[in-house]
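Dropping data.txt in here (compact mmCIF, C-alpha atoms and all ligand atoms):
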```
# COMPACT_ATOMS: atom_id res chain seq x y z
CA MET A 1 4.28 10.77 -18.99
CA PRO A 2 7.37 12.01 -20.91
CA ARG A 3 10.75 10.58 -19.89
CA LEU A 4 13.17 12.92 -18.13
CA SER A 5 16.16 13.96 -20.23
CA PRO A 6 19.80 13.10 -19.32
CA LYS A 7 20.44 16.85 -19.57
CA LEU A 8 18.04 17.49 -16.68
CA PHE A 9 19.77 14.84 -14.52
CA LYS A 10 23.15 16.42 -15.31
CA GLU A 11 21.84 19.86 -14.40
CA ALA A 12 20.41 18.50 -11.12
CA ALA A 13 23.71 16.76 -10.23
CA GLY A 14 25.50 20.06 -10.85
CA ILE A 15 23.42 21.67 -8.08
CA SER A 16 23.65 18.79 -5.55
CA HIS A 17 24.64 15.15 -5.89
CA TYR A 18 21.42 14.33 -3.94
CA LEU A 19 19.03 15.95 -6.44
CA PRO A 20 19.00 13.24 -9.16
CA TYR A 21 17.45 10.84 -6.62
CA LEU A 22 14.45 13.15 -6.34
CA LEU A 23 13.90 13.95 -10.01
CA PRO A 24 11.86 10.81 -10.93
CA ALA A 25 9.25 11.66 -8.27
CA CYS A 26 9.43 15.47 -8.45
CA ARG A 27 9.93 15.85 -12.23
CA SER A 28 11.44 19.36 -11.96
CA ILE A 29 14.55 20.89 -10.43
CA THR A 30 12.53 23.41 -8.40
CA SER A 31 10.35 20.86 -6.67
CA SER A 32 13.36 18.51 -6.17
CA VAL A 33 15.18 21.34 -4.39
CA ASN A 34 12.12 21.92 -2.17
CA GLU A 35 11.89 18.24 -1.23
CA LEU A 36 15.62 18.03 -0.55
CA ASN A 37 15.31 20.95 1.85
CA TRP A 38 12.41 19.27 3.67
CA ILE A 39 14.35 16.00 3.96
CA LYS A 40 17.43 17.86 5.27
CA ASN A 41 15.36 19.90 7.73
CA GLU A 42 13.24 17.06 9.08
CA LEU A 43 15.57 14.05 9.15
CA PRO A 44 18.97 13.54 10.77
CA LYS A 45 21.84 13.41 8.27
CA HIS A 46 22.40 9.66 8.61
CA LYS A 47 18.84 9.08 7.29
CA TRP A 48 19.08 11.29 4.21
CA LEU A 49 20.44 8.71 1.77
CA LYS A 50 17.90 6.06 2.76
CA ALA A 51 15.12 8.63 2.37
CA LEU A 52 16.39 9.67 -1.06
CA LYS A 53 16.58 6.05 -2.22
CA LEU A 54 12.98 5.45 -1.11
CA ARG A 55 11.86 8.61 -2.85
CA LYS A 56 13.62 7.42 -6.04
CA LYS A 57 11.28 4.40 -5.87
CA LEU A 58 8.37 6.91 -5.73
CA VAL A 59 7.48 6.28 -2.06
CA PRO A 60 5.39 9.37 -1.07
CA LEU A 61 7.42 11.94 0.88
CA GLN A 62 4.89 11.95 3.75
CA TYR A 63 5.45 8.23 4.40
CA ILE A 64 9.21 8.88 4.45
CA LEU A 65 9.09 11.95 6.72
CA GLY A 66 6.26 10.38 8.75
CA ASN A 67 3.87 13.32 8.82
CA GLN A 68 1.91 15.96 6.95
CA PRO A 69 0.97 19.41 8.29
CA PHE A 70 -2.82 19.88 8.27
CA GLY A 71 -4.42 23.25 9.01
CA ASN A 72 -2.66 25.85 11.11
CA ASN A 73 -1.39 23.66 13.91
CA LEU A 74 -1.87 19.97 13.35
CA SER A 75 0.80 17.50 12.39
CA ILE A 76 -0.85 14.37 11.04
CA LYS A 77 1.21 11.22 11.39
CA CYS A 78 1.32 9.28 8.11
CA GLU A 79 1.78 5.52 7.93
CA LYS A 80 1.48 3.09 5.05
CA ASN A 81 -1.97 1.48 4.67
CA VAL A 82 -3.65 4.81 5.48
CA LEU A 83 -4.31 7.60 2.96
CA ILE A 84 -2.12 10.71 3.22
CA PRO A 85 -4.32 13.79 3.90
CA ARG A 86 -4.63 15.96 0.77
CA ASN A 87 -4.43 19.74 0.42
CA ASP A 88 -7.81 19.79 -1.34
CA THR A 89 -9.39 18.19 1.73
CA GLU A 90 -7.55 20.57 4.05
CA ASP A 91 -8.95 23.54 2.07
CA TRP A 92 -12.63 22.68 2.53
CA VAL A 93 -12.17 21.57 6.14
CA ILE A 94 -10.58 24.96 6.96
CA LYS A 95 -13.51 26.75 5.26
CA LEU A 96 -15.98 24.62 7.20
CA SER A 97 -14.26 25.22 10.54
CA ASN A 98 -14.23 29.00 9.89
CA ILE A 99 -17.94 29.01 9.12
CA LEU A 100 -18.87 26.90 12.14
CA SER A 101 -16.62 28.95 14.43
CA GLU A 102 -18.40 32.08 13.21
CA TYR A 103 -21.78 30.40 13.79
CA PHE A 104 -20.93 29.43 17.40
CA GLN A 105 -19.28 32.79 18.08
CA ASN A 106 -22.49 34.55 17.02
CA THR A 107 -24.61 32.38 19.28
CA ASN A 108 -22.17 33.21 22.12
CA ASN A 109 -22.46 36.93 21.39
CA ASN A 110 -26.22 36.63 21.57
CA ASN A 111 -25.85 34.96 24.97
CA ILE A 112 -27.29 31.74 23.65
CA VAL A 113 -25.65 28.90 25.54
CA ASN A 114 -23.99 26.53 23.09
CA LYS A 115 -25.84 23.31 22.65
CA PRO A 116 -24.07 19.99 22.18
CA PHE A 117 -23.08 19.67 18.53
CA THR A 118 -21.89 16.36 17.09
CA ILE A 119 -20.00 15.90 13.83
CA LEU A 120 -19.74 12.40 12.38
CA ASP A 121 -16.88 11.81 9.92
CA VAL A 122 -17.43 8.63 7.92
CA CYS A 123 -14.27 7.15 6.31
CA THR A 124 -12.02 9.07 8.70
CA GLY A 125 -8.64 7.56 7.70
CA SER A 126 -5.89 9.34 9.66
CA GLY A 127 -8.57 11.32 11.57
CA CYS A 128 -7.38 14.55 9.95
CA ILE A 129 -10.90 15.95 9.34
CA PRO A 130 -12.41 15.65 12.87
CA LEU A 131 -9.11 16.62 14.51
CA LEU A 132 -8.88 19.81 12.51
CA LEU A 133 -12.56 20.67 12.95
CA GLY A 134 -12.37 20.01 16.69
CA SER A 135 -9.17 21.96 17.25
CA GLU A 136 -10.53 25.02 15.43
CA ILE A 137 -14.15 25.00 16.61
CA ARG A 138 -13.80 23.94 20.22
CA PRO A 139 -12.80 27.39 21.52
CA TYR A 140 -16.25 28.58 20.37
CA ASN A 141 -18.30 25.60 21.49
CA LYS A 142 -17.03 23.50 24.38
CA GLN A 143 -19.87 21.06 23.83
CA ILE A 144 -18.76 19.93 20.41
CA SER A 145 -18.07 16.24 19.95
CA LEU A 146 -16.54 14.49 16.98
CA ILE A 147 -16.85 10.89 15.89
CA GLY A 148 -14.66 9.28 13.25
CA ILE A 149 -15.42 5.85 11.80
CA ASP A 150 -13.49 3.74 9.31
CA ILE A 151 -13.53 0.13 8.21
CA SER A 152 -9.74 -0.16 8.45
CA ASN A 153 -7.93 -1.12 11.66
CA PHE A 154 -4.84 0.66 10.38
CA ALA A 155 -6.86 3.86 9.98
CA ILE A 156 -8.48 3.76 13.42
CA ASN A 157 -5.16 3.00 15.13
CA LEU A 158 -3.53 5.89 13.29
CA ALA A 159 -6.42 8.27 14.08
CA LEU A 160 -5.99 7.42 17.78
CA LYS A 161 -2.25 8.07 17.53
CA ASN A 162 -2.97 11.39 15.83
CA LEU A 163 -5.38 12.31 18.59
CA LYS A 164 -2.65 11.66 21.14
CA ILE A 165 0.10 13.48 19.25
CA ASN A 166 -1.99 16.58 18.69
CA GLN A 167 -3.62 16.47 22.10
CA ASN A 168 -0.26 17.04 23.75
CA PHE A 169 0.45 19.83 21.33
CA LEU A 170 -2.93 21.59 21.40
CA ASN A 171 -4.14 20.52 24.81
CA LEU A 172 -7.36 19.11 23.39
CA ASP A 173 -9.85 17.26 25.51
CA SER A 174 -9.85 13.61 24.44
CA ARG A 175 -13.49 13.19 25.55
CA THR A 176 -14.38 15.41 22.61
CA TYR A 177 -13.37 12.63 20.22
CA TYR A 178 -14.42 9.09 19.56
CA PHE A 179 -12.87 6.88 16.86
CA SER A 180 -14.33 3.50 16.04
CA LYS A 181 -13.93 0.73 13.51
CA GLN A 182 -17.23 0.56 11.62
CA ASP A 183 -18.29 -0.41 8.12
CA LEU A 184 -20.48 2.23 6.46
CA PHE A 185 -22.36 -0.56 4.67
CA ASN A 186 -23.23 -2.41 7.87
CA ASN A 187 -26.85 -2.08 9.06
CA ASN A 188 -25.80 -1.70 12.70
CA THR A 189 -23.35 1.15 12.16
CA LEU A 190 -25.76 3.88 13.30
CA ASN A 191 -26.84 1.91 16.35
CA ASN A 192 -23.24 1.37 17.37
CA ILE A 193 -22.47 5.06 17.00
CA LYS A 194 -25.59 6.11 18.88
CA ASN A 195 -24.74 3.84 21.81
CA LYS A 196 -21.18 5.12 22.00
CA ASN A 197 -22.31 8.72 21.70
CA ASN A 198 -24.72 8.41 24.66
CA SER A 199 -27.61 8.56 22.20
CA LYS A 200 -26.82 12.16 21.29
CA SER A 201 -27.92 13.10 17.79
CA VAL A 202 -25.52 13.79 14.95
CA ASP A 203 -25.81 17.36 13.67
CA LEU A 204 -23.42 17.28 10.74
CA LEU A 205 -22.32 14.35 8.60
CA VAL A 206 -19.02 14.75 6.73
CA SER A 207 -17.16 12.29 4.57
CA ASN A 208 -14.27 11.96 2.15
CA PRO A 209 -15.10 8.46 0.91
CA PRO A 210 -13.12 6.46 -1.65
CA TYR A 211 -14.30 7.96 -4.95
CA ILE A 212 -11.91 6.96 -7.71
CA HIS A 213 -13.62 4.97 -10.43
CA SER A 214 -11.93 1.68 -11.40
CA LEU A 215 -11.20 2.92 -14.96
CA GLU A 216 -9.54 6.06 -13.66
CA TYR A 217 -7.62 3.99 -11.12
CA THR A 218 -6.27 1.73 -13.87
CA ASN A 219 -5.59 4.36 -16.52
CA ASN A 220 -4.92 7.74 -14.94
CA LEU A 221 -3.87 7.49 -11.33
CA GLN A 222 -0.43 8.82 -10.38
CA LYS A 223 2.04 5.92 -10.15
CA SER A 224 3.25 6.65 -6.61
CA VAL A 225 -0.36 6.77 -5.30
CA LYS A 226 -1.17 3.47 -7.00
CA LEU A 227 2.00 1.79 -5.77
CA TYR A 228 1.96 2.91 -2.16
CA GLU A 229 -1.43 4.21 -0.98
CA PRO A 230 -4.22 1.78 0.04
CA LYS A 231 -6.66 0.75 -2.68
CA LEU A 232 -9.35 0.52 0.03
CA ALA A 233 -9.07 4.29 0.54
CA LEU A 234 -9.18 5.12 -3.16
CA LEU A 235 -11.47 2.84 -5.15
CA GLY A 236 -15.13 3.70 -4.93
CA HIS A 237 -17.99 5.35 -6.75
CA LEU A 238 -21.74 5.97 -6.42
CA GLU A 239 -22.28 3.19 -3.84
CA PHE A 240 -20.66 5.36 -1.14
CA TYR A 241 -22.89 8.41 -1.79
CA ASN A 242 -25.92 6.14 -1.99
CA GLN A 243 -25.10 4.61 1.40
CA LEU A 244 -24.22 7.96 3.02
CA LEU A 245 -27.56 9.48 2.01
CA TYR A 246 -29.57 6.41 3.02
CA LYS A 247 -27.87 6.56 6.42
CA LEU A 248 -28.72 10.28 6.64
CA PHE A 249 -32.42 9.54 6.08
CA HIS A 250 -32.38 6.34 8.15
CA PRO A 251 -35.13 6.01 10.81
CA HIS A 252 -32.43 5.93 13.50
CA PHE A 253 -31.54 9.44 12.55
CA LEU A 254 -34.99 10.62 11.56
CA ASN A 255 -36.21 12.12 14.87
CA ASN A 256 -32.95 13.88 15.28
CA SER A 257 -31.55 13.70 11.81
CA PRO A 258 -28.41 15.67 10.88
CA ASN A 259 -29.08 19.17 9.63
CA ALA A 260 -26.25 19.19 7.14
CA PHE A 261 -23.74 17.12 5.22
CA ILE A 262 -20.55 17.65 3.23
CA PHE A 263 -19.23 14.88 0.99
CA GLU A 264 -16.00 15.17 -0.95
CA LEU A 265 -16.32 13.81 -4.48
CA GLY A 266 -14.44 13.62 -7.73
CA ASN A 267 -16.72 14.03 -10.72
CA ASP A 268 -19.98 15.34 -12.10
CA GLN A 269 -21.63 11.92 -12.23
CA GLN A 270 -21.22 11.64 -8.44
CA VAL A 271 -22.69 15.15 -8.03
CA GLN A 272 -25.75 14.40 -10.19
CA PHE A 273 -26.33 11.06 -8.47
CA THR A 274 -26.14 12.57 -4.96
CA LYS A 275 -28.30 15.55 -5.87
CA ASN A 276 -31.01 13.36 -7.48
CA LEU A 277 -31.05 10.91 -4.58
CA LEU A 278 -31.30 13.79 -2.08
CA GLN A 279 -34.32 15.14 -3.97
CA LYS A 280 -35.92 11.70 -3.96
CA LEU A 281 -35.39 11.08 -0.23
CA ASP A 282 -36.27 14.62 0.87
CA LYS A 283 -40.04 14.04 0.97
CA SER A 284 -40.82 17.25 2.89
CA ASN A 285 -38.62 19.45 0.73
CA GLN A 286 -36.40 20.62 3.59
CA TRP A 287 -32.95 20.37 2.05
CA ASN A 288 -30.85 22.83 0.05
CA CYS A 289 -27.63 21.93 -1.70
CA GLY A 290 -24.56 23.44 -3.32
CA LEU A 291 -21.03 22.75 -4.51
CA ILE A 292 -17.54 23.65 -3.39
CA TYR A 293 -14.85 24.00 -6.07
CA ASP A 294 -11.12 23.58 -5.39
CA SER A 295 -8.20 25.87 -6.28
CA ASN A 296 -8.03 24.26 -9.76
CA ASN A 297 -11.71 25.06 -10.28
CA LEU A 298 -12.67 21.40 -10.13
CA ILE A 299 -15.75 20.16 -8.22
CA ARG A 300 -14.59 19.06 -4.76
CA CYS A 301 -17.62 18.70 -2.45
CA ILE A 302 -21.38 18.53 -2.43
CA VAL A 303 -22.97 20.28 0.55
CA GLY A 304 -26.51 19.82 1.86
CA TRP A 305 -28.25 21.72 4.67
CA LYS A 306 -31.59 22.37 6.28
CA THR A 307 -32.67 25.87 7.39
CA ASP A 308 -31.17 25.46 10.89
CA LEU A 309 -27.73 25.43 9.30
CA ASN A 310 -28.35 27.95 6.52
CA ILE A 311 -24.92 29.33 7.28
CA LEU A 312 -23.49 26.46 5.22
CA SER A 313 -24.68 28.17 2.03
CA LYS A 314 -21.70 30.49 2.64
CA ILE A 315 -19.23 27.68 2.03
CA CYS A 316 -20.64 26.95 -1.43
CA ASP A 317 -19.21 28.37 -4.65
CA LYS A 318 -22.39 27.41 -6.48
CA LEU A 319 -25.93 26.68 -5.30
CA LEU A 320 -27.77 23.81 -6.98
C1 LIG B 1 -10.37 8.80 0.72
S1 LIG B 1 -9.95 8.03 2.27
C2 LIG B 1 -10.25 9.39 3.34
C3 LIG B 1 -9.37 9.43 4.57
C4 LIG B 1 -9.44 10.74 5.35
N1 LIG B 1 -10.79 11.08 5.71
C5 LIG B 1 -8.83 11.87 4.55
O1 LIG B 1 -9.57 12.75 4.09
O2 LIG B 1 -7.60 11.88 4.37
C6 LIG B 1 -11.30 6.94 2.48
C7 LIG B 1 -11.33 6.10 3.75
O3 LIG B 1 -12.52 5.28 3.69
C8 LIG B 1 -12.27 4.07 4.37
N2 LIG B 1 -13.30 3.09 3.94
C9 LIG B 1 -13.35 2.36 2.81
N3 LIG B 1 -14.46 1.60 2.80
C10 LIG B 1 -15.14 1.86 3.95
C11 LIG B 1 -16.36 1.38 4.52
N4 LIG B 1 -17.11 0.46 3.88
N5 LIG B 1 -16.75 1.86 5.71
C12 LIG B 1 -16.01 2.79 6.38
N6 LIG B 1 -14.84 3.27 5.89
C13 LIG B 1 -14.40 2.82 4.69
C14 LIG B 1 -10.85 3.73 3.97
O4 LIG B 1 -10.28 2.83 4.89
C15 LIG B 1 -10.19 5.12 3.98
O5 LIG B 1 -9.56 5.37 5.20
```

As structure tokens, how would this structure be written, given the file I've shared?
Ligand SMILES: C[S@@+](CC[C@H](N)C(=O)[O-])C[C@H]1O[C@@H](n2cnc3c(N)ncnc32)[C@H](O)[C@@H]1O
Amino acid sequence: MPRLSPKLFKEAAGISHYLPYLLPACRSITSSVNELNWIKNELPKHKWLKALKLRKKLVPLQYILGNQPFGNNLSIKCEKNVLIPRNDTEDWVIKLSNILSEYFQNTNNNNIVNKPFTILDVCTGSGCIPLLLGSEIRPYNKQISLIGIDISNFAINLALKNLKINQNFLNLDSRTYYFSKQDLFNNNTLNNIKNKNNSKSVDLLVSNPPYIHSLEYTNNLQKSVKLYEPKLALLGHLEFYNQLLYKLFHPHFLNNSPNAFIFELGNDQQVQFTKNLLQKLDKSNQWNCGLIYDSNNLIRCIVGWKTDLNILSKICDKLL
């Protein structure tokens, strides 16, 4: 990454003596001005200098301000040791909640009473995905329930705090949600979930697992992410997609197996692996799949669905 010129620092100081603190992280005057405004708006004046000094050390802004907006209404509390929710994740979760809201609205219009519908979010982190899905979809299906699991105590504690914070704000029903510390790679994970969910089936499996390959982590990852965000949330590869699909086709699920899945991923190798494994496990040829691209036209998610949830084809930018 090119070094910033003394001229740029001088220009920044000419606008505000606070701006040079923000340049190393923001790299441009425009985005430094934006961040300075957020700091001034969200923190009391006596905390500004401390915040600017932390930012100069590349601490992510969300850890300094303590939150990140997610979707239309949610404010997700951010704490160190738990991944900060990303805009790319927010984008596909909003698309998914729109599609599911439409699906439940249509069943309401046709006077079909909504059935219980359970979404399981594996690797839930701050809980941002189930909280956003629940807050958007619940008006259209009061019987929706959402389960978030994560291996990290920090993550589960933060997800519970986020449930509380947003519950007050949105008046959500806490019985809709269940967060639990579980390891995806543990054989008992599904049993534990089933017991806690009163043996209800899971209809949709979603996950944003750690998917950064070790080489990319070492060579290409942004410095502030590497310095301050948890490695446990970042480092991972094919083993996560392998485990997610094996869980999907596990005998515990089989009678009432999920009808759809969405996994966030980061590269074409992960897409090919997941697609090939799905074909191998799908003995009765029931599954369709497609891809979601992000605003930079990069592959963001692989989506799978059975005919019951054909509506999910609408979320895909490309069918596979
Ligand atoms: C990329 S983060 C996603 C967090 C959140 N869902 C989001 O989108 O912001 C991945 C999460 O996976 C969790 N994780 C890592 N290994 C796991 C495992 N074996 N079982 C369950 N969760 C795991 C990490 O603790 C982390 O919170």

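Ranking A:Asp183, A:Glu35, A:Asp294, A:Asp203 by their shortest atom-to-atom distance to Lys95 (chain A), with all atoms listed in the file included, puts A:Asp294 first.
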
Nearby residues (all atoms listed in the file) at most 12 Å from Phe273 (chain A), same-chain spacing under 2 positions excluded, as a VMD selection string: chain A and resid 237 to 243 245 265 267 to 271 275 to 280 302

Protein and nucleic residues near ligand LIG 1 (chain B), 6 Å, only C-alpha atoms and all ligand atoms, as a ChimeraX atom specification: /A:82-85,89,123-126,150-152,155,182-185,208-210,232-234

Just give me the gap between CA of Ser224 (chain A) and CA of Leu58 (chain A) in Å, one decimal is fine. 5.2 Å

Shortest contact to Phe179 (chain A), candidates A:Ser214, A:Gln286, A:Asn192, A:Asn114, atoms counted only C-alpha atoms, goes to A:Asn192

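Distances from A:Pro6, A:Pro60, A:Pro130, A:Gly290 to Thr176 (chain A) were compared using all atoms listed in the file, and the smallest one belongs to A:Pro130.
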
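Computed from the coordinates, the CA of Lys45 (chain A) to CA of Cys78 (chain A) distance equals 20.9 Å.
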
Which value, in Å to one decimal, gives the distance between CA of Arg86 (chain A) and CA of Gly71 (chain A)? 11.0 Å

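Distance annotation: of A:Ile119, A:Ile137, A:Leu23, A:Val225, the residue with the minimal separation from Ile262 (chain A) is A:Ile119; atom set is only C-alpha atoms.
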
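Ranking A:Lys164, A:Leu133, A:Thr307, A:Asp282 by their shortest atom-to-atom distance to Ile99 (chain A), with all atoms listed in the file included, puts A:Leu133 first.
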
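Nearest to Glu264 (chain A) of all the residues A:Phe154, A:Phe249, A:Trp92, A:Trp305 is A:Trp92, based on only C-alpha atoms.
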
Show me, as a tab-separated table, the residues of region 144-211 of chain A having an atom within 10 Å of region 73-77 of chain A, each with the closest atom pair and its distance in Å, using all atoms listed in the file.
```
residue	atom	partner	partner_atom	distance
A:Leu158	CA	A:Lys77	CA	7.4
A:Ala159	CA	A:Lys77	CA	8.6
A:Lys161	CA	A:Lys77	CA	7.7
A:Asn162	CA	A:Ile76	CA	6.0
A:Leu163	CA	A:Ile76	CA	9.0
A:Ile165	CA	A:Ser75	CA	8.0
A:Asn166	CA	A:Leu74	CA	6.3
A:Gln167	CA	A:Leu74	CA	9.6
A:Phe169	CA	A:Leu74	CA	8.3
A:Leu170	CA	A:Asn73	CA	7.9
```
